[in-house]
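Shown next: target.cif, given as mmCIF, C-alpha atoms.
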```cif
data_target
loop_
_atom_site.label_atom_id
_atom_site.label_comp_id
_atom_site.auth_asym_id
_atom_site.auth_seq_id
_atom_site.Cartn_x
_atom_site.Cartn_y
_atom_site.Cartn_z
CA GLU A 68 -41.23 -70.94 34.66
CA ASP A 69 -40.36 -68.91 37.78
CA LEU A 70 -43.86 -69.52 39.16
CA PHE A 71 -43.60 -73.25 38.47
CA GLY A 72 -40.20 -73.34 40.22
CA ALA A 73 -41.51 -71.44 43.26
CA ARG A 74 -44.51 -73.76 43.61
CA GLU A 75 -42.26 -76.81 43.30
CA LEU A 76 -39.98 -75.39 45.99
CA PHE A 77 -43.01 -74.82 48.24
CA GLN A 78 -44.16 -78.42 47.81
CA GLU A 79 -40.68 -79.85 48.40
CA SER A 80 -39.88 -77.66 51.42
CA GLY A 81 -41.45 -80.19 53.81
CA ASP A 82 -41.08 -79.07 57.41
CA ASP A 83 -38.60 -76.30 56.59
CA ALA A 84 -40.72 -73.28 57.61
CA GLU A 85 -38.14 -70.73 56.38
CA LEU A 86 -37.96 -72.35 52.94
CA ARG A 87 -41.78 -72.59 52.72
CA GLU A 88 -42.11 -68.88 53.62
CA MET A 89 -39.49 -67.90 51.05
CA ALA A 90 -41.34 -69.92 48.35
CA ARG A 91 -44.68 -68.38 49.42
CA GLU A 92 -43.28 -64.82 49.11
CA GLU A 93 -41.88 -65.63 45.70
CA ILE A 94 -45.26 -66.96 44.51
CA LYS A 95 -46.99 -63.80 45.82
CA ALA A 96 -44.50 -61.62 43.94
CA ILE A 97 -44.79 -63.56 40.65
CA GLU A 98 -48.59 -64.06 40.42
CA PRO A 99 -49.47 -60.34 39.83
CA GLN A 100 -46.83 -60.23 37.07
CA MET A 101 -48.54 -63.24 35.48
CA ASP A 102 -51.88 -61.39 35.55
CA ASP A 103 -50.30 -58.34 33.88
CA LEU A 104 -48.67 -60.57 31.27
CA GLU A 105 -51.99 -62.28 30.59
CA GLU A 106 -53.66 -58.88 30.03
CA GLN A 107 -50.85 -57.82 27.66
CA ILE A 108 -51.25 -61.05 25.68
CA LYS A 109 -55.01 -60.47 25.46
CA VAL A 110 -54.44 -56.92 24.11
CA LEU A 111 -51.99 -58.27 21.50
CA LEU A 112 -54.59 -60.84 20.41
CA LEU A 113 -57.34 -58.22 19.95
CA PRO A 114 -58.41 -57.68 16.32
CA LYS A 115 -56.39 -54.84 14.80
CA ASP A 116 -57.87 -52.04 12.71
CA PRO A 117 -56.76 -52.99 9.16
CA ASN A 118 -56.16 -49.32 8.36
CA ASP A 119 -53.87 -48.57 11.34
CA ASP A 120 -50.61 -48.84 9.36
CA ARG A 121 -51.79 -46.64 6.51
CA ASN A 122 -50.82 -43.09 5.62
CA ILE A 123 -53.64 -40.55 5.53
CA MET A 124 -55.29 -37.64 3.82
CA LEU A 125 -56.29 -35.11 6.49
CA GLU A 126 -58.98 -32.55 5.69
CA ILE A 127 -59.81 -29.58 7.93
CA ARG A 128 -62.95 -27.69 6.94
CA ALA A 129 -64.15 -24.51 8.66
CA GLY A 130 -67.71 -24.87 9.97
CA THR A 131 -70.08 -22.38 11.60
CA GLY A 132 -68.59 -19.09 12.73
CA GLY A 133 -67.52 -17.23 9.58
CA SER A 134 -64.02 -15.73 9.65
CA GLU A 135 -63.42 -16.99 13.19
CA ALA A 136 -64.08 -20.58 12.02
CA ASN A 137 -61.47 -20.11 9.27
CA ILE A 138 -58.94 -18.83 11.81
CA PHE A 139 -59.70 -21.77 14.10
CA ALA A 140 -59.19 -24.21 11.20
CA GLY A 141 -55.76 -22.60 10.77
CA ASP A 142 -55.06 -23.10 14.50
CA LEU A 143 -55.90 -26.80 14.21
CA LEU A 144 -53.56 -27.08 11.22
CA ASP A 145 -50.71 -25.51 13.28
CA VAL A 146 -51.33 -27.98 16.14
CA TYR A 147 -51.28 -30.99 13.83
CA ARG A 148 -48.12 -29.80 12.06
CA LYS A 149 -46.33 -29.50 15.44
CA TYR A 150 -47.47 -32.97 16.48
CA MET A 151 -46.48 -34.55 13.16
CA THR A 152 -43.04 -32.91 13.27
CA THR A 153 -42.31 -34.46 16.69
CA LEU A 154 -43.17 -37.90 15.27
CA GLY A 155 -41.03 -37.39 12.18
CA TRP A 156 -43.93 -37.73 9.74
CA GLN A 157 -43.79 -36.22 6.24
CA VAL A 158 -46.48 -33.63 5.60
CA SER A 159 -47.41 -32.04 2.28
CA THR A 160 -50.28 -29.73 1.39
CA ILE A 161 -52.52 -31.18 -1.31
CA ASP A 162 -55.15 -28.44 -1.50
CA SER A 163 -56.00 -25.27 0.43
CA SER A 164 -58.49 -22.42 0.34
CA PRO A 165 -57.33 -19.51 2.55
CA GLY A 166 -59.82 -17.50 4.62
CA ASP A 167 -60.32 -13.80 3.94
CA ASP A 168 -59.13 -12.79 7.43
CA GLY A 169 -56.56 -15.58 7.92
CA GLY A 170 -56.74 -19.30 8.49
CA TYR A 171 -58.42 -21.64 6.02
CA LYS A 172 -61.88 -22.34 4.66
CA ASN A 173 -60.54 -25.77 3.73
CA VAL A 174 -57.14 -27.48 3.73
CA VAL A 175 -56.08 -31.01 2.76
CA LEU A 176 -52.79 -32.60 3.81
CA GLU A 177 -51.10 -35.84 2.82
CA VAL A 178 -49.34 -37.36 5.84
CA LYS A 179 -46.82 -40.20 5.57
CA GLY A 180 -45.08 -42.00 8.42
CA ASP A 181 -45.23 -44.87 10.86
CA SER A 182 -48.82 -46.02 11.58
CA VAL A 183 -50.24 -42.53 10.96
CA TYR A 184 -53.90 -43.60 10.83
CA SER A 185 -53.67 -45.49 14.16
CA ARG A 186 -53.16 -42.19 16.00
CA MET A 187 -54.74 -39.52 13.82
CA LYS A 188 -58.09 -41.35 13.47
CA TRP A 189 -58.95 -40.08 16.98
CA GLU A 190 -59.00 -36.50 15.60
CA ALA A 191 -61.92 -37.15 13.22
CA GLY A 192 -65.08 -35.23 14.06
CA VAL A 193 -66.29 -31.74 14.99
CA HIS A 194 -63.97 -29.49 17.01
CA ARG A 195 -65.64 -26.57 18.79
CA VAL A 196 -63.92 -23.39 20.00
CA GLN A 197 -65.27 -20.82 22.48
CA ARG A 198 -63.33 -17.55 22.55
CA VAL A 199 -63.45 -13.82 21.84
CA PRO A 200 -62.49 -13.32 18.17
CA ALA A 201 -59.86 -10.73 17.29
CA THR A 202 -62.55 -8.95 15.21
CA GLU A 203 -64.97 -8.74 18.19
CA SER A 204 -65.03 -5.19 19.61
CA GLN A 205 -67.57 -5.87 22.43
CA GLY A 206 -65.53 -8.66 24.01
CA ARG A 207 -68.27 -11.26 23.51
CA VAL A 208 -67.41 -14.96 23.41
CA HIS A 209 -68.23 -16.64 20.09
CA THR A 210 -68.64 -20.34 19.38
CA SER A 211 -67.17 -21.65 16.12
CA THR A 212 -66.50 -25.08 14.71
CA ALA A 213 -64.22 -26.93 12.32
CA THR A 214 -64.61 -30.46 11.02
CA VAL A 215 -61.66 -32.82 10.71
CA ALA A 216 -61.77 -35.83 8.37
CA ILE A 217 -59.06 -38.51 8.56
CA MET A 218 -59.02 -40.61 5.40
CA PRO A 219 -56.80 -43.70 5.11
CA GLU A 220 -54.73 -43.56 1.94
CA CYS A 221 -55.69 -46.27 -0.53
CA ASP A 222 -55.15 -47.44 -4.09
CA GLU A 223 -57.04 -49.00 -7.02
CA VAL A 224 -57.17 -52.35 -5.20
CA ASP A 225 -59.27 -50.81 -2.38
CA VAL A 226 -61.55 -48.63 -4.52
CA ASN A 227 -62.91 -49.32 -7.98
CA ILE A 228 -63.84 -46.15 -9.89
CA ASP A 229 -65.67 -46.38 -13.20
CA PRO A 230 -64.21 -43.75 -15.60
CA LYS A 231 -67.76 -43.14 -16.89
CA ASP A 232 -68.64 -41.79 -13.41
CA LEU A 233 -66.05 -39.04 -13.70
CA GLU A 234 -66.34 -35.57 -15.17
CA ILE A 235 -62.92 -33.92 -15.51
CA SER A 236 -62.25 -30.38 -16.67
CA THR A 237 -59.13 -28.22 -16.68
CA MET A 238 -58.56 -24.53 -16.03
CA ARG A 239 -55.86 -21.99 -15.34
CA SER A 240 -54.63 -22.05 -11.78
CA GLY A 241 -54.29 -18.32 -11.21
CA GLY A 242 -52.44 -16.81 -8.25
CA ALA A 243 -48.72 -16.82 -7.58
CA GLY A 244 -46.33 -19.28 -9.18
CA GLY A 245 -44.84 -17.69 -12.28
CA GLN A 246 -46.06 -17.10 -15.81
CA ASN A 247 -46.74 -20.79 -16.53
CA VAL A 248 -49.45 -20.95 -13.86
CA ASN A 249 -51.66 -18.36 -15.53
CA LYS A 250 -51.02 -19.24 -19.19
CA VAL A 251 -51.42 -23.04 -19.14
CA GLU A 252 -54.46 -24.99 -17.97
CA THR A 253 -52.74 -26.97 -15.20
CA ALA A 254 -55.57 -26.99 -12.62
CA VAL A 255 -57.95 -29.94 -12.56
CA ASP A 256 -61.62 -29.97 -11.54
CA LEU A 257 -62.84 -33.52 -10.92
CA LEU A 258 -66.47 -34.49 -10.25
CA HIS A 259 -67.57 -37.97 -9.16
CA LYS A 260 -71.17 -38.02 -10.41
CA PRO A 261 -72.65 -40.82 -8.21
CA THR A 262 -71.61 -39.14 -4.93
CA GLY A 263 -71.38 -35.50 -6.00
CA ILE A 264 -67.83 -35.28 -4.58
CA ARG A 265 -65.97 -32.46 -6.31
CA ILE A 266 -62.21 -31.97 -6.07
CA LYS A 267 -60.22 -29.05 -7.42
CA CYS A 268 -56.46 -29.52 -7.53
CA THR A 269 -54.10 -26.65 -8.29
CA GLN A 270 -50.99 -27.52 -6.22
CA GLU A 271 -48.77 -28.95 -8.96
CA ARG A 272 -47.49 -27.14 -12.07
CA SER A 273 -48.42 -30.00 -14.38
CA GLN A 274 -51.95 -30.99 -15.33
CA LEU A 275 -51.05 -34.70 -15.15
CA LYS A 276 -49.75 -34.40 -11.56
CA ASN A 277 -52.82 -32.45 -10.50
CA LYS A 278 -55.05 -35.11 -12.06
CA ASP A 279 -53.16 -37.86 -10.17
CA LEU A 280 -53.53 -35.92 -6.91
CA ALA A 281 -57.25 -35.35 -7.51
CA MET A 282 -57.76 -39.07 -8.18
CA LYS A 283 -55.79 -39.91 -5.03
CA MET A 284 -58.01 -37.62 -2.98
CA LEU A 285 -61.18 -39.04 -4.55
CA MET A 286 -60.14 -42.63 -3.81
CA SER A 287 -59.39 -41.72 -0.19
CA LYS A 288 -62.77 -39.98 0.19
CA LEU A 289 -64.69 -42.92 -1.30
CA TYR A 290 -62.76 -45.42 0.79
CA ASP A 291 -63.39 -43.29 3.88
CA ILE A 292 -67.15 -43.28 3.24
CA GLU A 293 -67.19 -47.10 3.14
CA ASN A 294 -64.81 -47.32 6.08
CA GLU A 295 -66.94 -44.95 8.18
CA LYS A 296 -70.05 -47.02 7.40
CA ARG A 297 -68.29 -50.22 8.54
CA GLU A 298 -66.96 -48.58 11.71
CA MET A 299 -70.36 -47.13 12.64
CA GLU A 300 -71.95 -50.57 12.28
CA GLU A 301 -69.17 -52.17 14.34
CA ARG A 302 -69.39 -49.56 17.11
CA ALA A 303 -73.19 -49.89 17.20
CA ARG A 304 -72.85 -53.66 17.50
CA ARG A 305 -70.40 -53.24 20.38
CA GLY A 306 -72.44 -50.47 22.02
CA SER A 307 -69.20 -48.51 22.03
CA GLN A 308 -68.71 -45.53 24.31
CA VAL A 309 -65.55 -44.48 22.46
CA GLY A 310 -67.62 -42.45 20.00
CA SER A 311 -69.20 -42.98 16.64
CA GLY A 312 -66.06 -42.01 14.74
CA GLY A 313 -68.35 -40.10 12.37
CA ARG A 314 -67.41 -36.63 11.23
CA SER A 315 -70.64 -35.16 12.64
CA GLU A 316 -69.68 -36.22 16.17
CA LYS A 317 -68.53 -33.37 18.46
CA ILE A 318 -65.30 -34.67 19.95
CA ARG A 319 -63.68 -31.68 21.71
CA THR A 320 -64.37 -28.17 22.96
CA TYR A 321 -61.58 -25.61 23.36
CA ASN A 322 -62.40 -22.91 25.91
CA TRP A 323 -59.99 -19.95 25.78
CA LYS A 324 -61.43 -18.19 28.85
CA ASP A 325 -60.81 -21.21 31.09
CA SER A 326 -57.67 -22.34 29.20
CA ARG A 327 -59.29 -25.75 28.91
CA CYS A 328 -59.48 -28.45 26.25
CA SER A 329 -62.35 -30.90 26.94
CA ASP A 330 -62.47 -34.29 25.25
CA HIS A 331 -66.12 -35.38 25.29
CA ARG A 332 -65.40 -39.04 24.53
CA LEU A 333 -62.98 -39.42 27.43
CA GLY A 334 -64.86 -37.06 29.76
CA GLN A 335 -61.53 -35.42 30.59
CA ASN A 336 -60.08 -31.92 30.54
CA TYR A 337 -56.56 -31.00 29.44
CA PRO A 338 -54.66 -27.70 29.60
CA LEU A 339 -55.33 -25.69 26.44
CA SER A 340 -51.61 -24.84 26.26
CA GLN A 341 -50.83 -28.57 25.98
CA PHE A 342 -53.08 -28.90 22.94
CA LEU A 343 -51.86 -25.70 21.25
CA GLY A 344 -48.28 -26.87 21.77
CA GLY A 345 -49.04 -29.95 19.68
CA ASP A 346 -48.82 -32.34 22.64
CA ILE A 347 -51.85 -34.43 21.69
CA GLY A 348 -50.13 -37.82 22.03
CA PRO A 349 -51.42 -38.39 25.61
CA MET A 350 -55.03 -37.88 24.40
CA HIS A 351 -54.49 -40.48 21.69
CA ASP A 352 -52.98 -42.90 24.24
CA GLU A 353 -56.07 -42.50 26.44
CA MET A 354 -58.38 -43.14 23.47
CA ILE A 355 -56.42 -46.26 22.46
CA ALA A 356 -56.54 -47.55 26.06
CA MET A 357 -60.30 -46.90 26.26
CA ASP A 358 -60.90 -48.67 22.95
CA GLN A 359 -58.81 -51.68 24.07
CA GLU A 360 -60.68 -51.81 27.38
CA GLU A 361 -64.02 -51.99 25.55
CA LYS A 362 -62.77 -54.73 23.22
CA LEU A 363 -61.41 -56.76 26.17
CA LYS A 364 -64.75 -56.39 27.94
CA GLU A 365 -66.57 -57.61 24.84
CA LEU A 366 -64.12 -60.52 24.53
CA SER A 367 -64.70 -61.65 28.14
CA GLN A 368 -68.48 -61.40 27.65
CA GLU A 369 -68.26 -63.58 24.52
CA GLN A 370 -66.15 -66.14 26.37
CA ALA A 371 -68.59 -66.17 29.29
CA ALA A 372 -71.49 -66.78 26.91
CA VAL A 373 -69.83 -69.86 25.38
#
```
The structure in this file should be written as structure tokens.
Amino acid sequence: EDLFGARELFQESGDDAELREMAREEIKAIEPQMDDLEEQIKVLLLPKDPNDDRNIMLEIRAGTGGSEANIFAGDLLDVYRKYMTTLGWQVSTIDSSPGDDGGYKNVVLEVKGDSVYSRMKWEAGVHRVQRVPATESQGRVHTSTATVAIMPECDEVDVNIDPKDLEISTMRSGGAGGQNVNKVETAVDLLHKPTGIRIKCTQERSQLKNKDLAMKMLMSKLYDIENEKREMEERARRGSQVGSGGRSEKIRTYNWKDSRCSDHRLGQNYPLSQFLGGDIGPMHDEMIAMDQEEKLKELSQEQAAV
């Protein structure tokens, strides 16, 4: 409207040089804003990831590196907890297997909040750490890894599980938690025969609740497998540089000696202290911007081909 008014003023200014100049300056000021607005509209019209608004199951699994990998998995958990606290998300531990020297061999969280998957999906993949372990007496730098899986939470509508494909057994939980834990078979061991996925759930004090949690985790894992397959195909079709999104993809390296966190998808370095402090939002913003840029590029190529 402002641009239309300025152009009309320019046309109607006649021989009034001052009025023509004023209209010209106004047009020059408005046109870049129109370009920005056009780009924003294009971004809003881009196809949205259907899982972006979902809650998630987050799994951190220690990889190569023995005890040091377990400790690093624990470090990742601390970072994510700090980040989730700042965003006001609800976090609960679904399953965990502590490492012998600290950290975790494996830990699963349920995370609820506003558009959790849209941000946390950029954490999926292999995280690599290079540092001198506390147990290293010679001062040598070790390389260890941990794998992060981000699974959108789903329900029976998304995943159909045939009861005949399940093998469920119960056992005593063991460990701390009062007399009931050791005397009653509250823990659940669930096996999905077609995929070989096995889930042990001991968090709750009732067998029924543990069974529900195990089923919830299984559905998320099965949905994630299908989702990962779809995303890989889509990224391959687009020739995406953002990354495969697969859990075997190495996404970051954390170098203690140089106090550096390197994101391999972005080709950028960040201060290690920023990452350890839980300030990973800027990395997610960069990934979202890069993904949008690729989609816009694809959109313009499609339009040009028509």
So which residues touch region 182-198 of chain A within 7 Å, counting all atoms listed in the file, skipping near sequence neighbours fewer than 5 positions away, as a PyMOL selection string?
chain A and resi 118-123+208-217+219+312-324+351
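Note that CA of Ala129 (chain A) and CA of Asn173 (chain A) are 6.2 Å apart.
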I'd like the residues picked by the PyMOL selection byres ((chain A and resi 162) around 8) written out as JSON, numbers by chain, using the chain letters and numbers from the file.
{"A": [160, 161, 163, 164, 173, 174, 175, 176, 267, 268, 269, 270]}
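Evaluated on this file, the PyMOL selection byres ((chain A and resi 340-345) around 8) matches Asp142, Asp145, Val146, Tyr147, Arg148, Lys149, Tyr150, Ser326, Cys328, Tyr337, Pro338, Leu339, Asp346 and Ile347 of chain A.
Here the PyMOL selection byres ((chain A and resi 235) around 8) catches exactly these residues: Leu233, Glu234, Ser236, Thr237, Val255, Asp256, Leu257 and Leu258 of chain A.
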Once 4 Å is added on each side, what centre and edge lengths in Å to one decimal does the axis-aligned box around all listed atoms of region 287-302 of chain A have, as lines of an AutoDock Vina configuration file?
```
center_x = -65.7
center_y = -46.1
center_z = 7.9
size_x = 20.6
size_y = 20.2
size_z = 26.4
```
So that I can see what lies close to Thr202 (chain A), please list as number ranges by chain the residues with an atom at most 10 Å from it, counting all atoms listed in the file and leaving out residues fewer than 4 positions away in the same chain.
A: 134-135, 168, 206
From CA of Gly130 (chain A) to CA of Tyr290 (chain A) the spacing works out at 23.0 Å
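The space separating CA of Arg297 (chain A) from CA of Met218 (chain A) comes to 13.7 Å.
Restricting the calculation to all atoms listed in the file, the smallest distance between Thr262 (chain A) and any of A:Cys221, A:Asp232, A:Ile355, A:Met282 is found for A:Asp232.
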